[in-house]
$ cat query_19.txt   # compact mmCIF, C-alpha atoms (C1' of nucleotides)
# COMPACT_ATOMS: atom_id res chain seq x y z
CA MET A 1 -99.44 -68.91 -86.96
CA LYS A 2 -96.10 -69.26 -88.73
CA ASP A 3 -94.18 -66.82 -86.57
CA PHE A 4 -96.02 -67.73 -83.40
CA LYS A 5 -93.63 -69.22 -80.85
CA ILE A 6 -95.78 -71.65 -78.92
CA ASN A 7 -93.29 -72.68 -76.24
CA GLN A 8 -92.28 -69.14 -75.40
CA PHE A 9 -95.89 -68.03 -75.34
CA GLN A 10 -96.87 -70.82 -72.93
CA GLN A 11 -93.99 -69.99 -70.63
CA ASP A 12 -94.67 -66.23 -70.60
CA LEU A 13 -98.35 -66.76 -69.96
CA ILE A 14 -97.92 -69.34 -67.20
CA THR A 15 -95.13 -67.43 -65.47
CA TRP A 16 -97.27 -64.30 -65.47
CA PHE A 17 -100.24 -66.22 -64.04
CA GLU A 18 -98.08 -67.71 -61.31
CA HIS A 19 -97.06 -64.25 -60.13
CA GLU A 20 -100.07 -62.07 -60.86
CA GLN A 21 -103.14 -64.23 -60.34
CA ARG A 22 -105.81 -62.87 -58.04
CA ILE A 23 -106.41 -64.54 -54.71
CA LEU A 24 -109.83 -66.14 -55.11
CA PRO A 25 -111.73 -68.50 -52.80
CA TRP A 26 -111.99 -71.26 -55.41
CA ARG A 27 -108.24 -71.19 -55.95
CA GLU A 28 -107.44 -72.37 -52.44
CA ASP A 29 -107.44 -75.97 -53.58
CA GLN A 30 -108.34 -78.06 -56.64
CA ASP A 31 -111.25 -79.98 -55.13
CA PRO A 32 -113.19 -80.99 -58.29
CA TYR A 33 -116.51 -80.28 -56.57
CA LYS A 34 -115.51 -76.75 -55.61
CA VAL A 35 -114.00 -76.10 -59.03
CA TRP A 36 -117.29 -77.31 -60.50
CA VAL A 37 -119.45 -75.05 -58.31
CA SER A 38 -117.26 -72.03 -59.08
CA GLU A 39 -117.33 -72.65 -62.83
CA ILE A 40 -121.13 -72.90 -62.89
CA MET A 41 -121.47 -69.71 -60.85
CA LEU A 42 -119.00 -67.89 -63.09
CA GLN A 43 -120.97 -68.59 -66.26
CA GLN A 44 -121.90 -65.15 -67.60
CA THR A 45 -121.27 -63.74 -64.13
CA ARG A 46 -118.50 -61.52 -62.81
CA VAL A 47 -115.90 -62.70 -60.30
CA ASP A 48 -116.83 -60.00 -57.76
CA THR A 49 -120.47 -61.01 -57.92
CA VAL A 50 -119.70 -64.69 -57.44
CA ILE A 51 -117.32 -64.49 -54.45
CA PRO A 52 -119.92 -64.05 -51.65
CA TYR A 53 -122.27 -66.58 -53.24
CA PHE A 54 -119.47 -69.13 -53.56
CA LEU A 55 -118.40 -68.73 -49.93
CA ASN A 56 -121.96 -69.11 -48.66
CA PHE A 57 -122.77 -72.00 -51.00
CA ILE A 58 -119.70 -74.03 -50.02
CA LYS A 59 -120.39 -73.33 -46.38
CA GLN A 60 -123.91 -74.70 -46.74
CA PHE A 61 -123.05 -77.49 -49.18
CA PRO A 62 -119.36 -78.32 -48.64
CA ASN A 63 -119.27 -81.49 -50.72
CA ILE A 64 -121.05 -83.70 -53.25
CA GLU A 65 -123.02 -85.57 -50.64
CA SER A 66 -124.37 -82.51 -48.85
CA LEU A 67 -125.60 -80.95 -52.08
CA ALA A 68 -127.02 -84.25 -53.32
CA ASN A 69 -129.03 -84.61 -50.13
CA ALA A 70 -130.07 -80.98 -49.85
CA ASP A 71 -133.61 -79.71 -50.21
CA GLU A 72 -134.13 -77.99 -53.55
CA GLU A 73 -135.78 -75.01 -51.84
CA HIS A 74 -132.64 -74.43 -49.76
CA VAL A 75 -130.43 -74.72 -52.82
CA LEU A 76 -132.49 -72.20 -54.78
CA LYS A 77 -132.43 -69.86 -51.78
CA ALA A 78 -128.62 -69.99 -51.79
CA TRP A 79 -128.71 -68.97 -55.45
CA GLU A 80 -131.26 -66.17 -54.92
CA GLY A 81 -130.21 -63.03 -56.80
CA LEU A 82 -127.44 -64.71 -58.80
CA GLY A 83 -129.59 -65.25 -61.90
CA TYR A 84 -129.80 -68.03 -64.49
CA TYR A 85 -131.49 -70.26 -61.95
CA SER A 86 -131.49 -73.33 -64.19
CA ARG A 87 -127.75 -73.44 -63.51
CA VAL A 88 -128.27 -74.49 -59.91
CA ARG A 89 -131.11 -76.88 -60.65
CA ASN A 90 -128.91 -78.58 -63.25
CA LEU A 91 -125.96 -78.52 -60.86
CA GLN A 92 -127.85 -80.32 -58.12
CA SER A 93 -129.25 -82.79 -60.63
CA ALA A 94 -125.75 -83.53 -61.95
CA VAL A 95 -124.29 -83.74 -58.45
CA ARG A 96 -126.93 -86.34 -57.57
CA GLU A 97 -125.95 -88.22 -60.72
CA VAL A 98 -122.29 -88.21 -59.65
CA HIS A 99 -123.26 -89.19 -56.11
CA GLU A 100 -125.28 -92.18 -57.28
CA ASN A 101 -123.51 -93.38 -60.41
CA TYR A 102 -119.89 -92.30 -59.97
CA GLY A 103 -119.43 -93.04 -56.27
CA GLY A 104 -119.30 -89.33 -55.53
CA ILE A 105 -116.20 -88.85 -57.70
CA VAL A 106 -116.44 -86.19 -60.42
CA PRO A 107 -115.56 -87.98 -63.67
CA ASN A 108 -112.28 -87.01 -65.34
CA THR A 109 -112.95 -87.66 -69.00
CA PRO A 110 -114.58 -85.25 -71.47
CA GLU A 111 -117.03 -87.94 -72.59
CA GLU A 112 -118.39 -88.57 -69.11
CA ILE A 113 -118.29 -85.10 -67.62
CA SER A 114 -119.86 -83.37 -70.61
CA LYS A 115 -122.91 -85.61 -70.28
CA LEU A 116 -123.73 -84.08 -66.90
CA LYS A 117 -126.47 -81.47 -66.86
CA GLY A 118 -125.24 -77.92 -67.09
CA ILE A 119 -121.73 -78.88 -68.19
CA GLY A 120 -121.14 -77.67 -71.75
CA PRO A 121 -117.97 -77.31 -73.81
CA TYR A 122 -116.44 -74.52 -71.70
CA THR A 123 -117.14 -76.07 -68.30
CA THR A 124 -115.94 -79.47 -69.49
CA GLY A 125 -112.55 -78.00 -70.32
CA SER A 126 -112.29 -75.79 -67.28
CA ILE A 127 -113.06 -78.52 -64.74
CA LEU A 128 -110.87 -81.10 -66.47
CA SER A 129 -107.89 -78.78 -66.80
CA ILE A 130 -108.11 -77.08 -63.41
CA ALA A 131 -109.12 -80.04 -61.25
CA TYR A 132 -107.43 -82.89 -63.11
CA GLY A 133 -104.71 -81.33 -65.26
CA VAL A 134 -106.24 -82.63 -68.49
CA PRO A 135 -105.24 -80.53 -71.54
CA GLU A 136 -108.73 -79.68 -72.80
CA PRO A 137 -109.65 -76.26 -74.20
CA ALA A 138 -111.83 -74.00 -72.03
CA VAL A 139 -113.04 -71.31 -74.41
CA ASP A 140 -115.05 -68.53 -72.82
CA GLY A 141 -115.56 -64.90 -73.76
CA ASN A 142 -112.18 -63.92 -72.33
CA VAL A 143 -110.30 -66.54 -74.30
CA MET A 144 -111.98 -65.58 -77.57
CA ARG A 145 -111.16 -61.92 -77.00
CA VAL A 146 -107.54 -62.56 -76.00
CA LEU A 147 -106.83 -65.05 -78.76
CA SER A 148 -108.57 -63.03 -81.44
CA ARG A 149 -106.15 -60.22 -80.63
CA ILE A 150 -103.01 -62.31 -80.23
CA LEU A 151 -103.55 -64.19 -83.48
CA SER A 152 -105.53 -61.47 -85.28
CA ILE A 153 -108.63 -63.56 -85.87
CA TRP A 154 -111.52 -61.63 -87.41
CA ASP A 155 -114.30 -64.22 -87.19
CA ASP A 156 -117.48 -63.00 -85.51
CA ILE A 157 -117.35 -64.36 -81.95
CA ALA A 158 -121.13 -64.03 -81.68
CA LYS A 159 -121.46 -66.96 -84.10
CA PRO A 160 -121.65 -70.42 -82.46
CA LYS A 161 -119.21 -71.99 -84.92
CA THR A 162 -116.48 -69.50 -84.05
CA ARG A 163 -115.98 -71.10 -80.64
CA LYS A 164 -114.95 -74.31 -82.39
CA ILE A 165 -112.27 -72.46 -84.28
CA PHE A 166 -110.77 -71.27 -81.02
CA GLU A 167 -111.05 -74.74 -79.46
CA ALA A 168 -109.05 -76.18 -82.34
CA ILE A 169 -106.38 -73.50 -81.89
CA ILE A 170 -106.17 -74.13 -78.14
CA ARG A 171 -105.68 -77.84 -78.74
CA ASP A 172 -102.61 -76.90 -80.77
CA ILE A 173 -101.10 -74.42 -78.36
CA ILE A 174 -102.19 -75.53 -74.86
CA SER A 175 -99.43 -76.46 -72.44
CA LYS A 176 -99.43 -80.21 -71.85
CA GLU A 177 -97.35 -79.69 -68.71
CA ASN A 178 -99.67 -77.17 -67.08
CA PRO A 179 -103.01 -76.92 -68.87
CA SER A 180 -104.60 -75.54 -65.71
CA PHE A 181 -102.46 -72.42 -65.52
CA PHE A 182 -102.49 -72.08 -69.29
CA ASN A 183 -106.29 -71.95 -69.44
CA GLN A 184 -106.62 -69.85 -66.31
CA GLY A 185 -103.85 -67.58 -67.53
CA LEU A 186 -105.74 -66.80 -70.72
CA MET A 187 -108.90 -66.01 -68.78
CA GLU A 188 -107.08 -63.99 -66.13
CA LEU A 189 -105.34 -62.02 -68.87
CA GLY A 190 -108.71 -61.22 -70.42
CA ALA A 191 -110.12 -60.20 -67.06
CA ILE A 192 -107.40 -57.83 -65.87
CA VAL A 193 -105.15 -56.87 -68.84
CA CYS A 194 -106.69 -57.68 -72.21
CA THR A 195 -110.02 -56.05 -71.31
CA PRO A 196 -112.83 -55.36 -73.79
CA SER A 197 -112.66 -51.59 -74.25
CA SER A 198 -109.13 -50.39 -73.53
CA PRO A 199 -106.62 -53.23 -73.13
CA SER A 200 -103.44 -52.48 -71.13
CA CYS A 201 -101.09 -53.67 -73.84
CA LEU A 202 -98.06 -52.00 -72.26
CA LEU A 203 -98.48 -54.22 -69.20
CA CYS A 204 -99.19 -57.38 -71.17
CA PRO A 205 -96.93 -60.37 -70.49
CA VAL A 206 -97.45 -61.72 -74.00
CA GLN A 207 -97.21 -58.42 -75.87
CA ASP A 208 -94.31 -59.80 -77.92
CA HIS A 209 -96.58 -62.56 -79.21
CA CYS A 210 -99.54 -60.33 -80.06
CA GLN A 211 -100.25 -59.74 -83.74
CA SER A 212 -102.95 -57.13 -83.20
CA PHE A 213 -100.60 -55.13 -80.97
CA LYS A 214 -98.05 -55.17 -83.79
CA ASP A 215 -100.78 -54.04 -86.18
CA GLY A 216 -102.37 -51.58 -83.76
CA THR A 217 -105.74 -53.27 -84.23
CA GLN A 218 -106.31 -54.41 -80.66
CA LYS A 219 -109.25 -52.07 -80.19
CA GLU A 220 -110.98 -53.43 -83.30
CA LEU A 221 -110.91 -56.99 -82.00
CA PRO A 222 -112.75 -59.13 -81.31
CA VAL A 223 -115.41 -58.77 -83.99
CA LYS A 224 -118.78 -59.22 -82.37
CA THR A 225 -122.17 -58.45 -83.92
CA LYS A 226 -124.70 -57.09 -81.49
CA LYS A 227 -128.05 -58.51 -80.61
CA ASN A 228 -131.54 -57.14 -81.16
CA ILE A 229 -133.56 -54.93 -78.89
CA VAL A 230 -135.59 -56.31 -76.02
CA LYS A 231 -139.38 -56.38 -75.73
CA GLU A 232 -141.21 -54.49 -73.02
CA LEU A 233 -144.10 -56.14 -71.21
CA PRO A 234 -146.61 -54.25 -69.04
CA MET A 235 -147.27 -56.17 -65.83
CA ALA A 236 -149.49 -55.72 -62.80
CA ALA A 237 -148.56 -57.29 -59.46
CA CYS A 238 -150.19 -57.22 -56.05
CA VAL A 239 -149.16 -57.92 -52.48
CA PHE A 240 -152.28 -59.49 -50.93
CA VAL A 241 -152.42 -59.58 -47.13
CA THR A 242 -154.92 -61.07 -44.69
CA ASP A 243 -156.31 -59.34 -41.62
CA ASP A 244 -153.69 -61.10 -39.48
CA ASP A 245 -150.93 -59.84 -41.79
CA LYS A 246 -150.08 -62.96 -43.76
CA VAL A 247 -148.97 -62.60 -47.36
CA LEU A 248 -150.05 -64.58 -50.42
CA ILE A 249 -147.22 -66.02 -52.54
CA SER A 250 -147.07 -68.65 -55.28
CA LYS A 251 -144.41 -70.73 -56.99
CA ARG A 252 -143.55 -70.20 -60.65
CA PRO A 253 -143.76 -73.12 -63.12
CA GLU A 254 -141.04 -75.77 -63.29
CA THR A 255 -139.74 -74.56 -66.64
CA GLY A 256 -139.15 -71.24 -68.31
CA LEU A 257 -138.26 -67.85 -66.92
CA LEU A 258 -137.37 -67.84 -63.20
CA ALA A 259 -138.54 -71.43 -62.90
CA LYS A 260 -139.50 -72.63 -59.41
CA LEU A 261 -138.90 -69.28 -57.77
CA TRP A 262 -141.61 -67.70 -55.62
CA GLU A 263 -143.50 -64.57 -56.54
CA PHE A 264 -146.40 -62.29 -55.71
CA PRO A 265 -149.56 -62.70 -57.80
CA ASN A 266 -149.12 -60.92 -61.11
CA VAL A 267 -150.40 -60.78 -64.67
CA GLU A 268 -149.21 -59.51 -67.98
CA VAL A 269 -151.54 -56.62 -68.79
CA VAL A 270 -153.00 -57.42 -72.19
CA LYS A 271 -155.17 -54.53 -73.37
CA GLU A 272 -156.85 -51.47 -72.00
CA LEU A 273 -160.21 -53.13 -72.56
CA THR A 274 -160.47 -53.73 -68.85
CA SER A 275 -158.26 -51.88 -66.38
CA PRO A 276 -155.01 -53.48 -65.17
CA LYS A 277 -156.56 -53.54 -61.71
CA GLU A 278 -159.56 -55.42 -63.10
CA GLN A 279 -157.34 -57.97 -64.88
CA LEU A 280 -155.26 -58.47 -61.76
CA MET A 281 -158.35 -59.08 -59.62
CA SER A 282 -160.01 -61.59 -61.93
CA PHE A 283 -156.72 -63.40 -62.43
CA ALA A 284 -156.10 -63.72 -58.70
CA GLU A 285 -159.67 -64.75 -57.87
CA GLU A 286 -159.63 -67.52 -60.47
CA THR A 287 -156.10 -68.69 -59.72
CA PHE A 288 -156.36 -68.81 -55.94
CA ASN A 289 -160.12 -69.27 -55.64
CA VAL A 290 -160.59 -66.67 -52.93
CA SER A 291 -162.55 -63.47 -52.58
CA LEU A 292 -160.26 -60.50 -52.49
CA GLN A 293 -159.91 -56.84 -53.23
CA VAL A 294 -157.22 -54.90 -55.05
CA ASP A 295 -156.64 -51.50 -53.43
CA ASP A 296 -154.29 -48.65 -54.31
CA VAL A 297 -151.28 -48.50 -56.58
CA ILE A 298 -148.20 -48.49 -54.36
CA GLY A 299 -145.81 -47.58 -57.13
CA THR A 300 -144.27 -48.66 -60.41
CA LEU A 301 -140.96 -50.26 -61.26
CA GLN A 302 -139.00 -51.49 -64.22
CA HIS A 303 -137.01 -54.69 -64.28
CA VAL A 304 -134.65 -55.40 -67.17
CA PHE A 305 -133.70 -58.94 -68.22
CA SER A 306 -131.29 -59.71 -71.06
CA HIS A 307 -134.11 -60.48 -73.47
CA LEU A 308 -137.11 -58.56 -72.10
CA THR A 309 -138.24 -55.80 -69.76
CA TRP A 310 -141.04 -55.87 -67.24
CA ASN A 311 -142.85 -52.62 -66.52
CA ILE A 312 -144.64 -53.46 -63.32
CA THR A 313 -147.45 -51.53 -61.65
CA VAL A 314 -147.52 -52.58 -58.01
CA TYR A 315 -150.77 -52.76 -56.03
CA LYS A 316 -151.66 -53.72 -52.51
CA GLY A 317 -154.73 -55.75 -51.73
CA ARG A 318 -156.59 -57.72 -49.07
CA LEU A 319 -157.89 -61.25 -48.73
CA SER A 320 -161.28 -61.77 -47.06
CA ASN A 321 -160.79 -65.50 -46.68
CA GLU A 322 -157.84 -67.87 -46.79
CA PRO A 323 -156.97 -69.72 -50.01
CA VAL A 324 -156.32 -73.45 -50.10
CA GLN A 325 -152.58 -73.85 -49.61
CA SER A 326 -150.38 -76.32 -51.48
CA ASP A 327 -146.82 -76.87 -52.67
CA THR A 328 -147.23 -73.90 -54.98
CA VAL A 329 -149.53 -71.57 -53.03
CA LYS A 330 -148.75 -70.33 -49.55
CA LEU A 331 -149.89 -67.79 -46.99
CA VAL A 332 -146.85 -66.74 -45.00
CA THR A 333 -145.89 -64.40 -42.19
CA LEU A 334 -143.35 -61.64 -42.71
CA GLU A 335 -140.78 -63.80 -40.98
CA GLU A 336 -141.53 -66.96 -43.00
CA LEU A 337 -141.26 -64.99 -46.23
CA LYS A 338 -137.49 -64.77 -45.82
CA GLN A 339 -137.08 -68.51 -46.32
CA TYR A 340 -138.41 -68.44 -49.87
CA ALA A 341 -136.32 -67.65 -52.95
CA PHE A 342 -137.65 -64.69 -54.94
CA PRO A 343 -136.35 -63.16 -58.18
CA VAL A 344 -134.92 -59.67 -57.78
CA SER A 345 -137.92 -58.17 -59.56
CA HIS A 346 -140.22 -59.45 -56.83
CA GLN A 347 -137.80 -58.42 -54.11
CA LYS A 348 -138.31 -54.92 -55.47
CA ILE A 349 -142.08 -55.38 -55.25
CA TRP A 350 -141.80 -56.44 -51.63
CA LYS A 351 -139.53 -53.48 -50.86
CA GLN A 352 -142.11 -51.09 -52.28
CA TYR A 353 -144.79 -52.73 -50.17
CA LEU A 354 -142.75 -52.29 -47.00
CA GLU A 355 -142.00 -48.66 -47.80
CA ASP A 356 -145.67 -47.97 -48.41
CA LYS A 357 -146.60 -49.73 -45.19
CA SER A 358 -144.17 -47.71 -43.08
CA SER A 359 -145.30 -44.46 -44.69
CA GLN A 360 -148.89 -45.22 -43.65
CA LEU A 361 -147.90 -45.32 -39.99
CA VAL A 362 -146.58 -41.77 -39.84
C1' DA B 1 -128.32 -71.09 -86.20
C1' DA B 2 -131.23 -68.49 -83.24
C1' DT B 3 -133.51 -67.92 -78.98
C1' DT B 4 -134.13 -68.38 -74.12
C1' DC B 5 -132.47 -68.36 -69.91
C1' DG B 6 -130.60 -62.89 -64.69
C1' DG B 7 -128.47 -59.63 -62.88
C1' DG B 8 -125.21 -56.13 -62.22
C1' DG B 9 -120.86 -53.50 -62.96
C1' DA B 10 -118.28 -50.54 -65.90
C1' DA B 11 -117.40 -47.46 -69.72
C1' DT C 1 -127.42 -45.71 -72.42
C1' DT C 2 -124.61 -49.94 -74.09
C1' DC C 3 -121.78 -53.70 -73.35
C1' DC C 4 -120.80 -58.10 -71.58
C1' DC C 5 -119.45 -60.98 -68.19
C1' DA C 6 -114.89 -68.03 -66.52
C1' DG C 7 -122.21 -70.26 -71.20
C1' DA C 8 -125.79 -74.07 -71.58
C1' DA C 9 -130.18 -75.83 -73.06
C1' DT C 10 -133.77 -75.62 -76.06
C1' DT C 11 -135.94 -74.78 -80.36
$ encode --input "query_19.txt" --output "structure tokens"
Amino acid sequence: MKDFKINQFQQDLITWFEHEQRILPWREDQDPYKVWVSEIMLQQTRVDTVIPYFLNFIKQFPNIESLANADEEHVLKAWEGLGYYSRVRNLQSAVREVHENYGGIVPNTPEEISKLKGIGPYTTGSILSIAYGVPEPAVDGNVMRVLSRILSIWDDIAKPKTRKIFEAIIRDIISKENPSFFNQGLMELGAIVCTPSSPSCLLCPVQDHCQSFKDGTQKELPVKTKKNIVKELPMAACVFVTDDDKVLISKRPETGLLAKLWEFPNVEVVKELTSPKEQLMSFAEETFNVSLQVDDVIGTLQHVFSHLTWNITVYKGRLSNEPVQSDTVKLVTLEELKQYAFPVSHQKIWKQYLEDKSSQLV
DNA sequence: AATTCGGGGAA
DNA sequence: TTCCCAGAATT
């Protein structure tokens, strides 16, 4: 970094951010709670995806107290479709912690705030710098890409230790006067100028400071090894309805994939020893302790997660008697169904059921 | 250090 | 198709 002019770089970056930053709902003020909510939502999630969720979430839960006192079911429903659902469970847990042990004031030191659930190294730095003006590094994917190009750093950003290298660099070059705009400027630059595939170097406000632009290596950086292929799991799912048109749903376990979301009865199809339909029926009878029948296949669908793929065969079925209901098993009307949070995969199942149902009427 | 957590937009 | 996004928790 011998020839790297830190002061000039800070000024160019911050001045550019002041003029070119996007108008975003979470930039209207620096309320630590709202900054917090936005940063959790933005983890591994695009700005355009987050905007409507953020607006709705803040409308429903405008402050620490309202989220602390909210029903978990309502909170999960507000997160429905956004993914990584442990984020919002951890957020509410941490907000309750702040409500009870910090007098409702988001702590302003790295030691305290990083102890809160769901707040890791990146979010610690982003909240502290944006909400409180504390010069802590906030190293996300954007920052690693931008800095790897500017300083020509060839470490593999897929490795966990590489993030620490960038944090150390940021500590050296962050603006002490305006750490908020410095951090946000780096991220904004990565989002709209220094993009992954074809960066707009000719429009870049810090082009003069960029080593990889000088070298013409900007398209080779950052170095990032790719991950392995995902497993495919055959699944069978069924929408069971009663004679008075109520639907059987159940709640997923408290940990693991899609924790605490609701779903339609389903099984992973193991072998072709018995038919998928057979496996689905015996699973449902044992789980819900009711007599039932599985009827026709409505359709099939594929749902892709980051680490696995579900290949789901969708059935419809009928219940002859009502199951015992509980906190995790319910029989609901079509209208009541809308109150429950479902993963997108099961929203697709429900959509197929409705399409099949309407086609039967014609 | 590697894996597990969702979902969708863009190239 | 592949990539990867304002990452954190768990193993």
$ closest_atom_pairs --input "query_19.txt" --of "chain A" --to "chain B" --cutoff "12 Å" --atoms "all atoms listed in the file" --output "Markdown table"
| residue | atom | partner | partner_atom | distance |
| --- | --- | --- | --- | --- |
| A:Gln43 | CA | B:DG6 | C1' | 11.3 |
| A:Gln44 | CA | B:DG6 | C1' | 9.4 |
| A:Thr45 | CA | B:DG7 | C1' | 8.4 |
| A:Arg46 | CA | B:DG9 | C1' | 8.4 |
| A:Val47 | CA | B:DG9 | C1' | 10.8 |
| A:Asp48 | CA | B:DG9 | C1' | 9.2 |
| A:Thr49 | CA | B:DG8 | C1' | 8.0 |
| A:Val50 | CA | B:DG8 | C1' | 11.2 |
| A:Trp79 | CA | B:DG6 | C1' | 11.2 |
| A:Glu80 | CA | B:DG6 | C1' | 10.3 |
| A:Gly81 | CA | B:DG7 | C1' | 7.2 |
| A:Leu82 | CA | B:DG7 | C1' | 6.6 |
| A:Gly83 | CA | B:DG6 | C1' | 3.8 |
| A:Tyr84 | CA | B:DG6 | C1' | 5.2 |
| A:Tyr85 | CA | B:DG6 | C1' | 7.9 |
| A:Ser86 | CA | B:DC5 | C1' | 7.6 |
| A:Arg87 | CA | B:DC5 | C1' | 9.4 |
| A:Ala158 | CA | B:DA1 | C1' | 11.0 |
| A:Lys159 | CA | B:DA1 | C1' | 8.3 |
| A:Pro160 | CA | B:DA1 | C1' | 7.7 |
| A:Lys161 | CA | B:DA1 | C1' | 9.2 |
| A:Thr195 | CA | B:DA10 | C1' | 11.3 |
| A:Pro196 | CA | B:DA11 | C1' | 10.0 |
| A:Ser197 | CA | B:DA11 | C1' | 7.7 |
| A:Ser198 | CA | B:DA11 | C1' | 9.6 |
| A:Lys227 | CA | B:DA2 | C1' | 10.8 |
| A:Asn228 | CA | B:DT3 | C1' | 11.2 |
| A:Thr255 | CA | B:DC5 | C1' | 10.1 |
| A:Gly256 | CA | B:DC5 | C1' | 7.4 |
| A:Leu257 | CA | B:DC5 | C1' | 6.5 |
| A:Leu258 | CA | B:DC5 | C1' | 8.3 |
| A:Ala259 | CA | B:DC5 | C1' | 9.8 |
| A:His303 | CA | B:DG7 | C1' | 10.0 |
| A:Val304 | CA | B:DG7 | C1' | 8.6 |
| A:Phe305 | CA | B:DG6 | C1' | 6.1 |
| A:Ser306 | CA | B:DG6 | C1' | 7.2 |
| A:His307 | CA | B:DT4 | C1' | 7.9 |
| A:Leu308 | CA | B:DT4 | C1' | 10.5 |
| A:Thr309 | CA | B:DG6 | C1' | 11.6 |
| A:Pro343 | CA | B:DG6 | C1' | 8.7 |
| A:Val344 | CA | B:DG7 | C1' | 8.2 |
| A:Ser345 | CA | B:DG6 | C1' | 10.1 |
$ write_last_selection --input "query_19.txt" --atoms "C-alpha atoms" --output "PDB file, keeping the file's coordinate frame"
ATOM      1  CA  GLN A  43    -120.970 -68.590 -66.260  1.00  0.00           C
ATOM      2  CA  GLN A  44    -121.900 -65.150 -67.600  1.00  0.00           C
ATOM      3  CA  THR A  45    -121.270 -63.740 -64.130  1.00  0.00           C
ATOM      4  CA  ARG A  46    -118.500 -61.520 -62.810  1.00  0.00           C
ATOM      5  CA  VAL A  47    -115.900 -62.700 -60.300  1.00  0.00           C
ATOM      6  CA  ASP A  48    -116.830 -60.000 -57.760  1.00  0.00           C
ATOM      7  CA  THR A  49    -120.470 -61.010 -57.920  1.00  0.00           C
ATOM      8  CA  VAL A  50    -119.700 -64.690 -57.440  1.00  0.00           C
ATOM      9  CA  TRP A  79    -128.710 -68.970 -55.450  1.00  0.00           C
ATOM     10  CA  GLU A  80    -131.260 -66.170 -54.920  1.00  0.00           C
ATOM     11  CA  GLY A  81    -130.210 -63.030 -56.800  1.00  0.00           C
ATOM     12  CA  LEU A  82    -127.440 -64.710 -58.800  1.00  0.00           C
ATOM     13  CA  GLY A  83    -129.590 -65.250 -61.900  1.00  0.00           C
ATOM     14  CA  TYR A  84    -129.800 -68.030 -64.490  1.00  0.00           C
ATOM     15  CA  TYR A  85    -131.490 -70.260 -61.950  1.00  0.00           C
ATOM     16  CA  SER A  86    -131.490 -73.330 -64.190  1.00  0.00           C
ATOM     17  CA  ARG A  87    -127.750 -73.440 -63.510  1.00  0.00           C
ATOM     18  CA  ALA A 158    -121.130 -64.030 -81.680  1.00  0.00           C
ATOM     19  CA  LYS A 159    -121.460 -66.960 -84.100  1.00  0.00           C
ATOM     20  CA  PRO A 160    -121.650 -70.420 -82.460  1.00  0.00           C
ATOM     21  CA  LYS A 161    -119.210 -71.990 -84.920  1.00  0.00           C
ATOM     22  CA  THR A 195    -110.020 -56.050 -71.310  1.00  0.00           C
ATOM     23  CA  PRO A 196    -112.830 -55.360 -73.790  1.00  0.00           C
ATOM     24  CA  SER A 197    -112.660 -51.590 -74.250  1.00  0.00           C
ATOM     25  CA  SER A 198    -109.130 -50.390 -73.530  1.00  0.00           C
ATOM     26  CA  LYS A 227    -128.050 -58.510 -80.610  1.00  0.00           C
ATOM     27  CA  ASN A 228    -131.540 -57.140 -81.160  1.00  0.00           C
ATOM     28  CA  THR A 255    -139.740 -74.560 -66.640  1.00  0.00           C
ATOM     29  CA  GLY A 256    -139.150 -71.240 -68.310  1.00  0.00           C
ATOM     30  CA  LEU A 257    -138.260 -67.850 -66.920  1.00  0.00           C
ATOM     31  CA  LEU A 258    -137.370 -67.840 -63.200  1.00  0.00           C
ATOM     32  CA  ALA A 259    -138.540 -71.430 -62.900  1.00  0.00           C
ATOM     33  CA  HIS A 303    -137.010 -54.690 -64.280  1.00  0.00           C
ATOM     34  CA  VAL A 304    -134.650 -55.400 -67.170  1.00  0.00           C
ATOM     35  CA  PHE A 305    -133.700 -58.940 -68.220  1.00  0.00           C
ATOM     36  CA  SER A 306    -131.290 -59.710 -71.060  1.00  0.00           C
ATOM     37  CA  HIS A 307    -134.110 -60.480 -73.470  1.00  0.00           C
ATOM     38  CA  LEU A 308    -137.110 -58.560 -72.100  1.00  0.00           C
ATOM     39  CA  THR A 309    -138.240 -55.800 -69.760  1.00  0.00           C
ATOM     40  CA  PRO A 343    -136.350 -63.160 -58.180  1.00  0.00           C
ATOM     41  CA  VAL A 344    -134.920 -59.670 -57.780  1.00  0.00           C
ATOM     42  CA  SER A 345    -137.920 -58.170 -59.560  1.00  0.00           C
TER      43      SER A 345
END
$ closest_residue --input "query_19.txt" --among "A:Pro276, A:Gly141, A:Gly299, A:Gly190" --to "C:DC4" --atoms "all atoms listed in the file"
A:Gly141
$ interface_residues --input "query_19.txt" --of "chain C" --to "chain A" --cutoff "7 Å" --atoms "all atoms listed in the file" --output "JSON list (two decimals) with C-alpha atoms (C1' of nucleotides), in the coordinates of the input"
[["chain", "number", "residue", "atom", "x", "y", "z"],
["C", 5, "DC", "C1'", -119.45, -60.98, -68.19],
["C", 6, "DA", "C1'", -114.89, -68.03, -66.52],
["C", 7, "DG", "C1'", -122.21, -70.26, -71.20],
["C", 8, "DA", "C1'", -125.79, -74.07, -71.58]]
$ axis_aligned_box --input "query_19.txt" --around "chain B" --padding-each-side "4 Å" --output "AutoDock Vina command-line options"
--center_x -125.8 --center_y -59.3 --center_z -74.2 --size_x 24.7 --size_y 31.6 --size_z 32.0
$ atom_distance --input "query_19.txt" --atom1 "atom CA of A:Gln218" --atom2 "atom CA of A:Trp16"
20.3 Å
$ atom_distance --input "query_19.txt" --atom1 "atom CA of A:Ala237" --atom2 "atom CA of A:Tyr315"
6.1 Å
$ atom_distance --input "query_19.txt" --atom1 "atom CA of A:Asp244" --atom2 "atom CA of A:Glu335"
13.3 Å
